[in-house]
Amino acid sequence: MSSVSHLERLNEPQRRAAAHGQALPGRGVRAGPLLIVAGAGTGKTNTLAHRVAHLLIHGVDPARILLLTFTRRAAAEMRGRAADVAAGALGAGRAAGAAALGRRLAWAGTFHSIANRLLRHYAGALRLDPQFTVLDRGDAADVLDALRTELGLAQKEQRFPRKDTCLQIYSHRVNTRGTLRATLEGQFPWCAHWEEALTGLYRAYVERKQRESLLDYDDLLLYWHVMMSDAQLAQRIGAQFDHVLVDEYQDTNTLQADILYALKPDGAGVAVVGDDAQSIYSFRAASVQNILAFPERFTPRAEVITLARNYRSTQPILDLANAVMAEAPRQYRKELHAERGSGVRPRLVTVADLRQQAECICDEVLRRREAHVPLRRQGVLFRSSSHSDVLEIELARRGIPFVKYGGLRFLDAGHVKDLLALLRWADNPHNALAASRVLQLLPGMGPVNARRVLEGLAGLGGRLGALRGLEPPAAAAAHWPTLVDLLAELAAPDCPWPGQVEHARQWYQPHFERLYEQAHTRGGDLEQLTLLAGQFPSRERFLTELALDPPAAAGDLSGPPALDEDYLVLSTVHSAKGMEWDTVYLLNVVDGSFPSEFAAGRAELLEEERRLFYVALTRAQNDLLLFAPLKFFLTGQHHHGDAHVYGGRSRFLTDAVLAHVQMVAPAVTVGGEPSSPGRLEPRLDVGARLRDMW
């Protein structure tokens with residue numbers, strides 16, 4: 001097989017990106033910094049996977065390739081594709097060779113999972129306990145909530161931010177590397193007058209985490225960033241890798257960009273892929289400036305390769321998307337071209353109100369279903385979750401099953417958190433949050449008694465074995481010995497990892513059945529947790545990876561599941577990124593929704609709204625319908641009330657953009673009209689009577 005056969009299925013820009021650099025005579029590839037600007041649907045993942053395969057084929061040690069992604073699933077997919085391509089090109093037995101290469105790509109993972117591995121390895125240099133526990137978002141919010149109460153902030157006369165808002169403020173400030181004041185004024189203006197109180201809360205939060213060897217989701221990047229500020233450590237870590245590849249670079253925040261530059265200050269071996277036109281997560285502290293400024297961060301300037309051949313949508317859909325982005329100021333200019341050729345023009349459907357919008361969508365959905373477009377190949381997208389409320393009622397009335405992205409995360413289910421708390425306490429005896437949760441599983445053990453036990457344990461040195469010397473409340477006495485034995489066994493250094501989850505589950509089962517209704521249904525989550533545990537080599541890896549990249553489904557859903565042969569998909573645009581449907585219906589394409597009313601007055605937010613609109617348009621493969629209601633009824637009035645406001649056409653629908661859509665209005669059947677009276681002779685001079693009034 002020739003040395004370039006693995007690139008034959010790529011188009012010309014994809015080949016240049018995958019083969020970037022110079023193959024060395026011996027082994028390896030020398031390459032300067034590279035930015036791959038990959039438009040929507042242009043084969044970004046495939047190109048990056050072929051880039052990794054190209055490095056492997058030319059002798060780069062898999063252990064010296066660092067591949068950074070935003071989800072564990074993306075990392076696994078990239079690893080599998082790259083290994084498969086490389087194994088085929090090298091002529092090895094395809095299955096065996098791919099598996100071997102995939103196992104050797106050891107440094108493929110999310111930013112946070114890689115940070116976790118590095119921090120544990122270099123913990124001694126950071127004065128950090130290598131057995132630290134990683135808090136998931138829910139547990140971090142609970143710690144902040146406890147501190148809010150301890151500091152008296154929950155009893156303020158004025159409304160103090162709730163725990164989830166406090167965590168969002170903390171996360172944004174950390175990831176942007178800005179000041180707390182800048183975060184409050186820019187993102188949380190209603191909390192700005194609490195700056196001093198929040199500063200005290202966050203100081204207490206940091207101190208408690210350090211005292212109990214806890215790191216939250218954001219700490220992983222923060223500690224990694226601080227570690228890279230030490231020149232010796234930065235040089236040592238950077239030297240571990242010959243090539244650093246980053247997926248979805250437009251979604252990186254300031255910390256992640258700074259870490260990348262510290263790893264490879266000269267850009268040697270650095271390749272990032274992303275699309276500035278799909279940078280839509282500023283509320284998570286992502287910065288579009290990272291990808292826009294990337295080429296100039298290096299000397300000489302990074303090479304930029306643009307992918308514009310789209311394999312997803314038809315050309316009329318891309319013409320509309322191109323027209324929308326053509327009016328954006330600073331960007332990497334690109335014109336998407338459809339590999340699939342022409343199709344129907346997108347339609348802008350003007351409807352009277354939200355009710356008619358819902359009726360029209362249901363009519364279209366059912367019509368397409370009869371035309372052999374399954375419900376699940378049709379997607380309804382909207383700017384905010386509440387925008388689909390009226391549609392959901394109409395879907396239910398017509399018996400059209402649907403799923404809406406937004407159920408409870410796996411780790412937010414109480415019974416899952418209980419079982420994981422057992423393992424976390426055994427893994428880190430200083431984890432008071434996990435310990436308190438486990439103790440309160442016992443009958444008669446409330447918060448006060450749990451705190452008393454933990455204080456007694458701390459007085460005895462904090463070792464789990466010391467629990468035998470403590471006396472529990474009378475109601476918990478019968479369950480105390482088995483809990484102490486379980487924790488002692490799990491905490492033993494020689495306790496094998498296989499079987500630990502099942503052992504903990506056996507102890508938890510009677511408490512689970514006592515505490516939760518419908519235990520037979522929820523029990524499936526615990527079985528799933530047991531199966532997941534078998535995919536990890538150690539308890540630490542299992543607990544950490546589950547906190548960093550949790551499964552999305554749980555037995556505790558936001559509503560009863562709909563069992564049906566098919567279902568329509570409803571989703572916010574943010575949740576739809578990376579997905580695609582045959583037909584897309586976009587709700588409320590009016591000012592106030594696209595762009596959001598909360599973006600008014602700030603140029604950078606308006607441009608992000610434009611990019612969000614672009615993401616919505618490019619989810620469609622064959623057909624795209626935009627809906628623009630004329631009026632919106634005011635809330636808070638009687639159900640027979642008619643008070644309303646008129647919606648203005650979205651400012652993104654300029655004349656240049658409208659040239660690429662077909663403007664239509666649905667046929668309206670008005671009932672109750674009297675039949676035609678035929679010809680009548682004049683009987684009343686109404687005009688004369690009105691004139692006589694004056």
# chains A, B, ... in the order shown; residues from 1 in each chain; ligands from 1
call {"tool": "select_by_dssp", "arguments": {"residues": "range 238-408 of chain A", "states": "alpha helix (DSSP H)", "output": "PyMOL selection string"}}
result
chain A and resi 238+254-263+289-292+315-326+354-370+389-398
call {"tool": "closest_residue", "arguments": {"among": "A:Ala75, A:Ala277, A:Ala688, A:Leu612", "to": "Arg333 in chain A", "atoms": "only C-alpha atoms"}}
result
A:Ala277
call {"tool": "residues_around", "arguments": {"residues": "Gly59 in chain A", "least_positions_apart": "5", "cutoff": "8 Å", "atoms": "only C-alpha atoms", "output": "VMD selection string"}}
result
chain A and resid 27 to 29
call {"tool": "residues_around", "arguments": {"residues": "Arg181 in chain A", "least_positions_apart": "6", "cutoff": "9 Å", "atoms": "only C-alpha atoms", "output": "list in words"}}
result
Arg173, Ala192 and Glu195 of chain A
call {"tool": "closest_residue", "arguments": {"among": "A:Leu220, A:Val174, A:Val661, A:Ala302", "to": "Ala286 in chain A", "atoms": "only C-alpha atoms"}}
result
A:Val174
call {"tool": "select_by_dssp", "arguments": {"residues": "range 314-501 of chain A", "states": "strand (DSSP E)", "output": "PDB file with all heavy atoms, in the first residue's frame"}}
result
ATOM      1  N   HIS A 337     -19.908  24.841   0.101  1.00  0.00           N
ATOM      2  CA  HIS A 337     -20.407  24.291  -1.164  1.00  0.00           C
ATOM      3  C   HIS A 337     -20.912  22.871  -0.911  1.00  0.00           C
ATOM      4  O   HIS A 337     -20.241  22.065  -0.277  1.00  0.00           O
ATOM      5  CB  HIS A 337     -19.302  24.273  -2.218  1.00  0.00           C
ATOM      6  CG  HIS A 337     -18.745  25.633  -2.511  1.00  0.00           C
ATOM      7  ND1 HIS A 337     -19.395  26.561  -3.282  1.00  0.00           N
ATOM      8  CD2 HIS A 337     -17.585  26.220  -2.105  1.00  0.00           C
ATOM      9  CE1 HIS A 337     -18.667  27.662  -3.352  1.00  0.00           C
ATOM     10  NE2 HIS A 337     -17.564  27.485  -2.648  1.00  0.00           N
ATOM     11  N   ALA A 338     -22.093  22.568  -1.430  1.00  0.00           N
ATOM     12  CA  ALA A 338     -22.739  21.283  -1.157  1.00  0.00           C
ATOM     13  C   ALA A 338     -22.206  20.195  -2.069  1.00  0.00           C
ATOM     14  O   ALA A 338     -22.229  20.329  -3.288  1.00  0.00           O
ATOM     15  CB  ALA A 338     -24.247  21.410  -1.321  1.00  0.00           C
ATOM     16  N   ARG A 347     -37.857  27.793   3.499  1.00  0.00           N
ATOM     17  CA  ARG A 347     -39.076  28.587   3.505  1.00  0.00           C
ATOM     18  C   ARG A 347     -39.193  29.393   4.797  1.00  0.00           C
ATOM     19  O   ARG A 347     -38.896  28.872   5.878  1.00  0.00           O
ATOM     20  CB  ARG A 347     -40.297  27.684   3.358  1.00  0.00           C
ATOM     21  CG  ARG A 347     -40.566  27.237   1.929  1.00  0.00           C
ATOM     22  CD  ARG A 347     -41.698  26.258   1.859  1.00  0.00           C
ATOM     23  NE  ARG A 347     -41.278  24.947   2.346  1.00  0.00           N
ATOM     24  CZ  ARG A 347     -42.135  23.963   2.643  1.00  0.00           C
ATOM     25  NH1 ARG A 347     -43.429  24.160   2.522  1.00  0.00           N
ATOM     26  NH2 ARG A 347     -41.690  22.802   3.046  1.00  0.00           N
ATOM     27  N   LEU A 348     -39.590  30.640   4.658  1.00  0.00           N
ATOM     28  CA  LEU A 348     -39.910  31.486   5.800  1.00  0.00           C
ATOM     29  C   LEU A 348     -41.432  31.548   5.884  1.00  0.00           C
ATOM     30  O   LEU A 348     -42.091  32.132   5.026  1.00  0.00           O
ATOM     31  CB  LEU A 348     -39.320  32.883   5.632  1.00  0.00           C
ATOM     32  CG  LEU A 348     -39.681  33.894   6.724  1.00  0.00           C
ATOM     33  CD1 LEU A 348     -39.160  33.442   8.087  1.00  0.00           C
ATOM     34  CD2 LEU A 348     -39.131  35.277   6.386  1.00  0.00           C
ATOM     35  N   VAL A 349     -41.985  30.918   6.920  1.00  0.00           N
ATOM     36  CA  VAL A 349     -43.437  30.789   7.060  1.00  0.00           C
ATOM     37  C   VAL A 349     -43.927  31.828   8.063  1.00  0.00           C
ATOM     38  O   VAL A 349     -43.577  31.771   9.247  1.00  0.00           O
ATOM     39  CB  VAL A 349     -43.827  29.374   7.530  1.00  0.00           C
ATOM     40  CG1 VAL A 349     -45.346  29.218   7.550  1.00  0.00           C
ATOM     41  CG2 VAL A 349     -43.192  28.315   6.629  1.00  0.00           C
ATOM     42  N   THR A 350     -44.730  32.769   7.593  1.00  0.00           N
ATOM     43  CA  THR A 350     -45.303  33.784   8.471  1.00  0.00           C
ATOM     44  C   THR A 350     -46.626  33.269   9.015  1.00  0.00           C
ATOM     45  O   THR A 350     -47.526  32.900   8.252  1.00  0.00           O
ATOM     46  CB  THR A 350     -45.532  35.100   7.712  1.00  0.00           C
ATOM     47  OG1 THR A 350     -44.293  35.555   7.177  1.00  0.00           O
ATOM     48  CG2 THR A 350     -46.097  36.166   8.635  1.00  0.00           C
ATOM     49  N   VAL A 351     -46.745  33.219  10.347  1.00  0.00           N
ATOM     50  CA  VAL A 351     -47.957  32.714  10.997  1.00  0.00           C
ATOM     51  C   VAL A 351     -48.521  33.791  11.914  1.00  0.00           C
ATOM     52  O   VAL A 351     -47.827  34.727  12.307  1.00  0.00           O
ATOM     53  CB  VAL A 351     -47.668  31.432  11.806  1.00  0.00           C
ATOM     54  CG1 VAL A 351     -47.331  30.282  10.882  1.00  0.00           C
ATOM     55  CG2 VAL A 351     -46.541  31.659  12.815  1.00  0.00           C
ATOM     56  N   GLN A 378     -36.807  14.299  11.920  1.00  0.00           N
ATOM     57  CA  GLN A 378     -37.280  15.670  11.895  1.00  0.00           C
ATOM     58  C   GLN A 378     -36.965  16.320  13.239  1.00  0.00           C
ATOM     59  O   GLN A 378     -37.217  15.734  14.293  1.00  0.00           O
ATOM     60  CB  GLN A 378     -38.786  15.718  11.632  1.00  0.00           C
ATOM     61  CG  GLN A 378     -39.211  15.005  10.344  1.00  0.00           C
ATOM     62  CD  GLN A 378     -40.701  15.094  10.097  1.00  0.00           C
ATOM     63  OE1 GLN A 378     -41.274  16.179  10.077  1.00  0.00           O
ATOM     64  NE2 GLN A 378     -41.344  13.945   9.908  1.00  0.00           N
ATOM     65  N   GLY A 379     -36.415  17.524  13.198  1.00  0.00           N
ATOM     66  CA  GLY A 379     -36.021  18.206  14.426  1.00  0.00           C
ATOM     67  C   GLY A 379     -36.648  19.588  14.515  1.00  0.00           C
ATOM     68  O   GLY A 379     -36.664  20.336  13.532  1.00  0.00           O
ATOM     69  N   VAL A 380     -37.159  19.909  15.695  1.00  0.00           N
ATOM     70  CA  VAL A 380     -37.700  21.246  15.966  1.00  0.00           C
ATOM     71  C   VAL A 380     -36.715  21.955  16.894  1.00  0.00           C
ATOM     72  O   VAL A 380     -36.440  21.478  18.002  1.00  0.00           O
ATOM     73  CB  VAL A 380     -39.085  21.177  16.628  1.00  0.00           C
ATOM     74  CG1 VAL A 380     -39.633  22.578  16.857  1.00  0.00           C
ATOM     75  CG2 VAL A 380     -40.048  20.360  15.777  1.00  0.00           C
ATOM     76  N   LEU A 381     -36.181  23.074  16.434  1.00  0.00           N
ATOM     77  CA  LEU A 381     -35.161  23.799  17.190  1.00  0.00           C
ATOM     78  C   LEU A 381     -35.702  25.142  17.658  1.00  0.00           C
ATOM     79  O   LEU A 381     -36.550  25.749  17.002  1.00  0.00           O
ATOM     80  CB  LEU A 381     -33.907  24.009  16.336  1.00  0.00           C
ATOM     81  CG  LEU A 381     -33.285  22.747  15.711  1.00  0.00           C
ATOM     82  CD1 LEU A 381     -31.991  23.102  14.987  1.00  0.00           C
ATOM     83  CD2 LEU A 381     -33.030  21.687  16.769  1.00  0.00           C
ATOM     84  N   PHE A 382     -35.166  25.612  18.784  1.00  0.00           N
ATOM     85  CA  PHE A 382     -35.626  26.880  19.346  1.00  0.00           C
ATOM     86  C   PHE A 382     -34.500  27.487  20.169  1.00  0.00           C
ATOM     87  O   PHE A 382     -33.574  26.793  20.618  1.00  0.00           O
ATOM     88  CB  PHE A 382     -36.884  26.687  20.200  1.00  0.00           C
ATOM     89  CG  PHE A 382     -36.955  25.349  20.890  1.00  0.00           C
ATOM     90  CD1 PHE A 382     -36.352  25.132  22.117  1.00  0.00           C
ATOM     91  CD2 PHE A 382     -37.609  24.291  20.275  1.00  0.00           C
ATOM     92  CE1 PHE A 382     -36.417  23.901  22.732  1.00  0.00           C
ATOM     93  CE2 PHE A 382     -37.682  23.042  20.887  1.00  0.00           C
ATOM     94  CZ  PHE A 382     -37.085  22.844  22.127  1.00  0.00           C
ATOM     95  N   PHE A 402     -42.831  12.740  21.235  1.00  0.00           N
ATOM     96  CA  PHE A 402     -41.629  13.553  21.065  1.00  0.00           C
ATOM     97  C   PHE A 402     -40.717  13.387  22.270  1.00  0.00           C
ATOM     98  O   PHE A 402     -41.152  12.975  23.347  1.00  0.00           O
ATOM     99  CB  PHE A 402     -41.997  15.036  20.880  1.00  0.00           C
ATOM    100  CG  PHE A 402     -42.629  15.679  22.086  1.00  0.00           C
ATOM    101  CD1 PHE A 402     -41.848  16.307  23.059  1.00  0.00           C
ATOM    102  CD2 PHE A 402     -44.009  15.660  22.254  1.00  0.00           C
ATOM    103  CE1 PHE A 402     -42.432  16.894  24.163  1.00  0.00           C
ATOM    104  CE2 PHE A 402     -44.605  16.255  23.357  1.00  0.00           C
ATOM    105  CZ  PHE A 402     -43.811  16.876  24.317  1.00  0.00           C
ATOM    106  N   VAL A 403     -39.450  13.694  22.065  1.00  0.00           N
ATOM    107  CA  VAL A 403     -38.487  13.789  23.162  1.00  0.00           C
ATOM    108  C   VAL A 403     -37.912  15.197  23.133  1.00  0.00           C
ATOM    109  O   VAL A 403     -37.707  15.779  22.072  1.00  0.00           O
ATOM    110  CB  VAL A 403     -37.348  12.746  23.049  1.00  0.00           C
ATOM    111  CG1 VAL A 403     -37.878  11.343  23.215  1.00  0.00           C
ATOM    112  CG2 VAL A 403     -36.606  12.890  21.729  1.00  0.00           C
ATOM    113  N   LYS A 404     -37.692  15.724  24.306  1.00  0.00           N
ATOM    114  CA  LYS A 404     -37.116  17.065  24.425  1.00  0.00           C
ATOM    115  C   LYS A 404     -35.852  16.962  25.250  1.00  0.00           C
ATOM    116  O   LYS A 404     -35.872  16.450  26.366  1.00  0.00           O
ATOM    117  CB  LYS A 404     -38.114  18.019  25.086  1.00  0.00           C
ATOM    118  CG  LYS A 404     -37.612  19.452  25.214  1.00  0.00           C
ATOM    119  CD  LYS A 404     -38.686  20.351  25.816  1.00  0.00           C
ATOM    120  CE  LYS A 404     -38.185  21.776  25.957  1.00  0.00           C
ATOM    121  NZ  LYS A 404     -39.222  22.667  26.548  1.00  0.00           N
TER     122      LYS A 404
END
call {"tool": "residues_around", "arguments": {"residues": "range 616-618 of chain A", "least_positions_apart": "6", "cutoff": "10 Å", "atoms": "only C-alpha atoms", "output": "mmCIF file with N, CA and C atoms, in the first residue's frame"}}
result
data_model
loop_
_atom_site.group_PDB
_atom_site.id
_atom_site.type_symbol
_atom_site.label_atom_id
_atom_site.label_comp_id
_atom_site.auth_asym_id
_atom_site.auth_seq_id
_atom_site.Cartn_x
_atom_site.Cartn_y
_atom_site.Cartn_z
ATOM 1 N N GLY A 39 -15.815 24.313 8.271
ATOM 2 C CA GLY A 39 -17.204 24.738 8.235
ATOM 3 C C GLY A 39 -18.143 23.613 8.609
ATOM 4 N N ALA A 40 -19.391 23.962 8.877
ATOM 5 C CA ALA A 40 -20.389 22.969 9.287
ATOM 6 C C ALA A 40 -20.517 21.867 8.238
ATOM 7 N N GLY A 41 -20.475 20.605 8.702
ATOM 8 C CA GLY A 41 -20.690 19.466 7.813
ATOM 9 C C GLY A 41 -19.576 19.177 6.839
ATOM 10 N N GLN A 278 -19.248 28.699 14.555
ATOM 11 C CA GLN A 278 -20.028 27.867 15.470
ATOM 12 C C GLN A 278 -19.601 28.064 16.921
ATOM 13 N N ASN A 310 -19.212 20.850 1.924
ATOM 14 C CA ASN A 310 -20.180 20.354 2.897
ATOM 15 C C ASN A 310 -20.799 19.035 2.420
ATOM 16 N N ARG A 312 -23.318 17.500 4.259
ATOM 17 C CA ARG A 312 -24.566 17.319 4.997
ATOM 18 C C ARG A 312 -25.771 17.885 4.258
ATOM 19 N N SER A 313 -25.701 19.149 3.861
ATOM 20 C CA SER A 313 -26.886 19.885 3.416
ATOM 21 C C SER A 313 -26.900 20.083 1.908
ATOM 22 N N THR A 314 -28.070 20.441 1.386
ATOM 23 C CA THR A 314 -28.188 20.815 -0.021
ATOM 24 C C THR A 314 -27.750 22.267 -0.201
ATOM 25 N N ILE A 317 -29.827 25.428 1.220
ATOM 26 C CA ILE A 317 -29.675 25.624 2.665
ATOM 27 C C ILE A 317 -28.350 26.307 2.960
ATOM 28 N N LEU A 318 -27.295 25.874 2.267
ATOM 29 C CA LEU A 318 -25.980 26.488 2.479
ATOM 30 C C LEU A 318 -25.943 27.920 1.962
ATOM 31 N N LEU A 320 -28.307 30.060 2.124
ATOM 32 C CA LEU A 320 -28.896 30.866 3.198
ATOM 33 C C LEU A 320 -27.907 31.046 4.348
ATOM 34 N N ALA A 321 -27.266 29.953 4.771
ATOM 35 C CA ALA A 321 -26.291 30.037 5.863
ATOM 36 C C ALA A 321 -25.115 30.938 5.484
ATOM 37 N N ASN A 322 -24.629 30.819 4.246
ATOM 38 C CA ASN A 322 -23.537 31.677 3.783
ATOM 39 C C ASN A 322 -23.936 33.147 3.821
ATOM 40 N N VAL A 324 -26.143 34.591 5.757
ATOM 41 C CA VAL A 324 -26.223 35.056 7.149
ATOM 42 C C VAL A 324 -24.837 35.400 7.677
ATOM 43 N N PRO A 346 -35.100 26.950 1.320
ATOM 44 C CA PRO A 346 -35.678 27.114 2.660
ATOM 45 C C PRO A 346 -36.899 28.021 2.595
ATOM 46 N N VAL A 380 -37.159 19.909 15.695
ATOM 47 C CA VAL A 380 -37.700 21.246 15.966
ATOM 48 C C VAL A 380 -36.715 21.955 16.894
ATOM 49 N N LEU A 381 -36.181 23.074 16.434
ATOM 50 C CA LEU A 381 -35.161 23.799 17.190
ATOM 51 C C LEU A 381 -35.702 25.142 17.658
ATOM 52 N N PHE A 382 -35.166 25.612 18.784
ATOM 53 C CA PHE A 382 -35.626 26.880 19.346
ATOM 54 C C PHE A 382 -34.500 27.487 20.169
ATOM 55 N N ARG A 383 -34.594 28.799 20.366
ATOM 56 C CA ARG A 383 -33.534 29.539 21.067
ATOM 57 C C ARG A 383 -33.523 29.224 22.554
ATOM 58 N N THR A 572 -33.116 22.717 22.074
ATOM 59 C CA THR A 572 -32.546 24.054 21.946
ATOM 60 C C THR A 572 -31.418 23.986 20.918
ATOM 61 N N VAL A 573 -31.088 25.121 20.328
ATOM 62 C CA VAL A 573 -30.014 25.138 19.332
ATOM 63 C C VAL A 573 -28.683 24.779 19.980
ATOM 64 N N HIS A 574 -28.470 25.240 21.205
ATOM 65 C CA HIS A 574 -27.210 24.915 21.884
ATOM 66 C C HIS A 574 -27.031 23.404 22.022
ATOM 67 N N ALA A 576 -28.345 21.186 20.101
ATOM 68 C CA ALA A 576 -28.384 20.537 18.792
ATOM 69 C C ALA A 576 -27.058 20.586 18.061
ATOM 70 N N LYS A 577 -26.081 21.338 18.568
ATOM 71 C CA LYS A 577 -24.804 21.454 17.870
ATOM 72 C C LYS A 577 -24.175 20.072 17.712
ATOM 73 N N GLY A 578 -23.730 19.779 16.491
ATOM 74 C CA GLY A 578 -23.150 18.477 16.186
ATOM 75 C C GLY A 578 -24.156 17.451 15.715
ATOM 76 N N MET A 579 -25.462 17.818 15.703
ATOM 77 C CA MET A 579 -26.499 16.882 15.264
ATOM 78 C C MET A 579 -27.056 17.321 13.904
ATOM 79 N N GLU A 580 -27.865 16.474 13.299
ATOM 80 C CA GLU A 580 -28.434 16.792 11.993
ATOM 81 C C GLU A 580 -29.743 16.033 11.811
ATOM 82 N N TRP A 581 -30.637 16.614 10.995
ATOM 83 C CA TRP A 581 -31.923 15.994 10.689
ATOM 84 C C TRP A 581 -32.241 16.200 9.216
ATOM 85 N N VAL A 584 -35.635 20.374 9.345
ATOM 86 C CA VAL A 584 -35.522 21.181 10.564
ATOM 87 C C VAL A 584 -36.583 22.275 10.531
ATOM 88 N N TYR A 585 -37.288 22.418 11.659
ATOM 89 C CA TYR A 585 -38.244 23.504 11.858
ATOM 90 C C TYR A 585 -37.648 24.439 12.911
ATOM 91 N N LEU A 586 -37.487 25.701 12.590
ATOM 92 C CA LEU A 586 -36.899 26.661 13.518
ATOM 93 C C LEU A 586 -37.982 27.625 13.990
ATOM 94 N N ARG A 610 -25.857 35.608 16.026
ATOM 95 C CA ARG A 610 -25.799 35.323 14.590
ATOM 96 C C ARG A 610 -25.207 33.931 14.363
ATOM 97 N N LEU A 624 -35.654 22.987 5.224
ATOM 98 C CA LEU A 624 -35.530 23.920 6.340
ATOM 99 C C LEU A 624 -36.718 24.867 6.307
ATOM 100 N N LEU A 625 -37.443 24.930 7.434
ATOM 101 C CA LEU A 625 -38.585 25.823 7.546
ATOM 102 C C LEU A 625 -38.386 26.756 8.733
ATOM 103 N N LEU A 626 -38.411 28.056 8.467
ATOM 104 C CA LEU A 626 -38.285 29.069 9.506
ATOM 105 C C LEU A 626 -39.669 29.642 9.779
#
call {"tool": "residues_around", "arguments": {"residues": "Val246 in chain A", "least_positions_apart": "4", "cutoff": "10 Å", "atoms": "only C-alpha atoms", "output": "PyMOL selection string"}}
result
chain A and resi 35+48+66-70+108+110-111+250+252+260+270-274
call {"tool": "write_last_selection", "arguments": {"atoms": "C-alpha atoms", "output": "mmCIF file, in the first residue's frame"}}
result
data_model
loop_
_atom_site.group_PDB
_atom_site.id
_atom_site.type_symbol
_atom_site.label_atom_id
_atom_site.label_comp_id
_atom_site.auth_asym_id
_atom_site.auth_seq_id
_atom_site.Cartn_x
_atom_site.Cartn_y
_atom_site.Cartn_z
ATOM 1 C CA LEU A 35 -5.351 25.803 12.176
ATOM 2 C CA LEU A 48 -8.542 15.136 12.421
ATOM 3 C CA LEU A 66 -1.802 14.398 22.969
ATOM 4 C CA LEU A 67 -5.365 14.596 21.622
ATOM 5 C CA LEU A 68 -7.676 16.995 23.475
ATOM 6 C CA THR A 69 -11.454 16.881 22.986
ATOM 7 C CA PHE A 70 -14.539 18.131 24.826
ATOM 8 C CA ALA A 108 -6.540 11.009 24.094
ATOM 9 C CA THR A 110 -11.000 15.667 27.437
ATOM 10 C CA PHE A 111 -9.103 18.672 28.744
ATOM 11 C CA GLN A 250 -13.706 27.500 19.020
ATOM 12 C CA THR A 252 -12.015 26.660 24.368
ATOM 13 C CA LEU A 260 -1.939 24.955 24.999
ATOM 14 C CA VAL A 270 0.252 21.859 17.361
ATOM 15 C CA ALA A 271 -2.861 21.345 15.185
ATOM 16 C CA VAL A 272 -6.283 22.676 16.157
ATOM 17 C CA VAL A 273 -9.585 22.295 14.329
ATOM 18 C CA GLY A 274 -12.746 24.336 14.736
#
call {"tool": "closest_residue", "arguments": {"among": "A:Arg611, A:Arg463, A:Arg117, A:Lys163", "to": "Asn428 in chain A", "atoms": "only C-alpha atoms"}}
result
A:Arg463
call {"tool": "residues_around", "arguments": {"residues": "Arg177 in chain A", "least_positions_apart": "6", "cutoff": "12 Å", "atoms": "only C-alpha atoms", "output": "ChimeraX atom specification"}}
result
/A:170-171,183,218,221-222,225-226,253-258,285-287
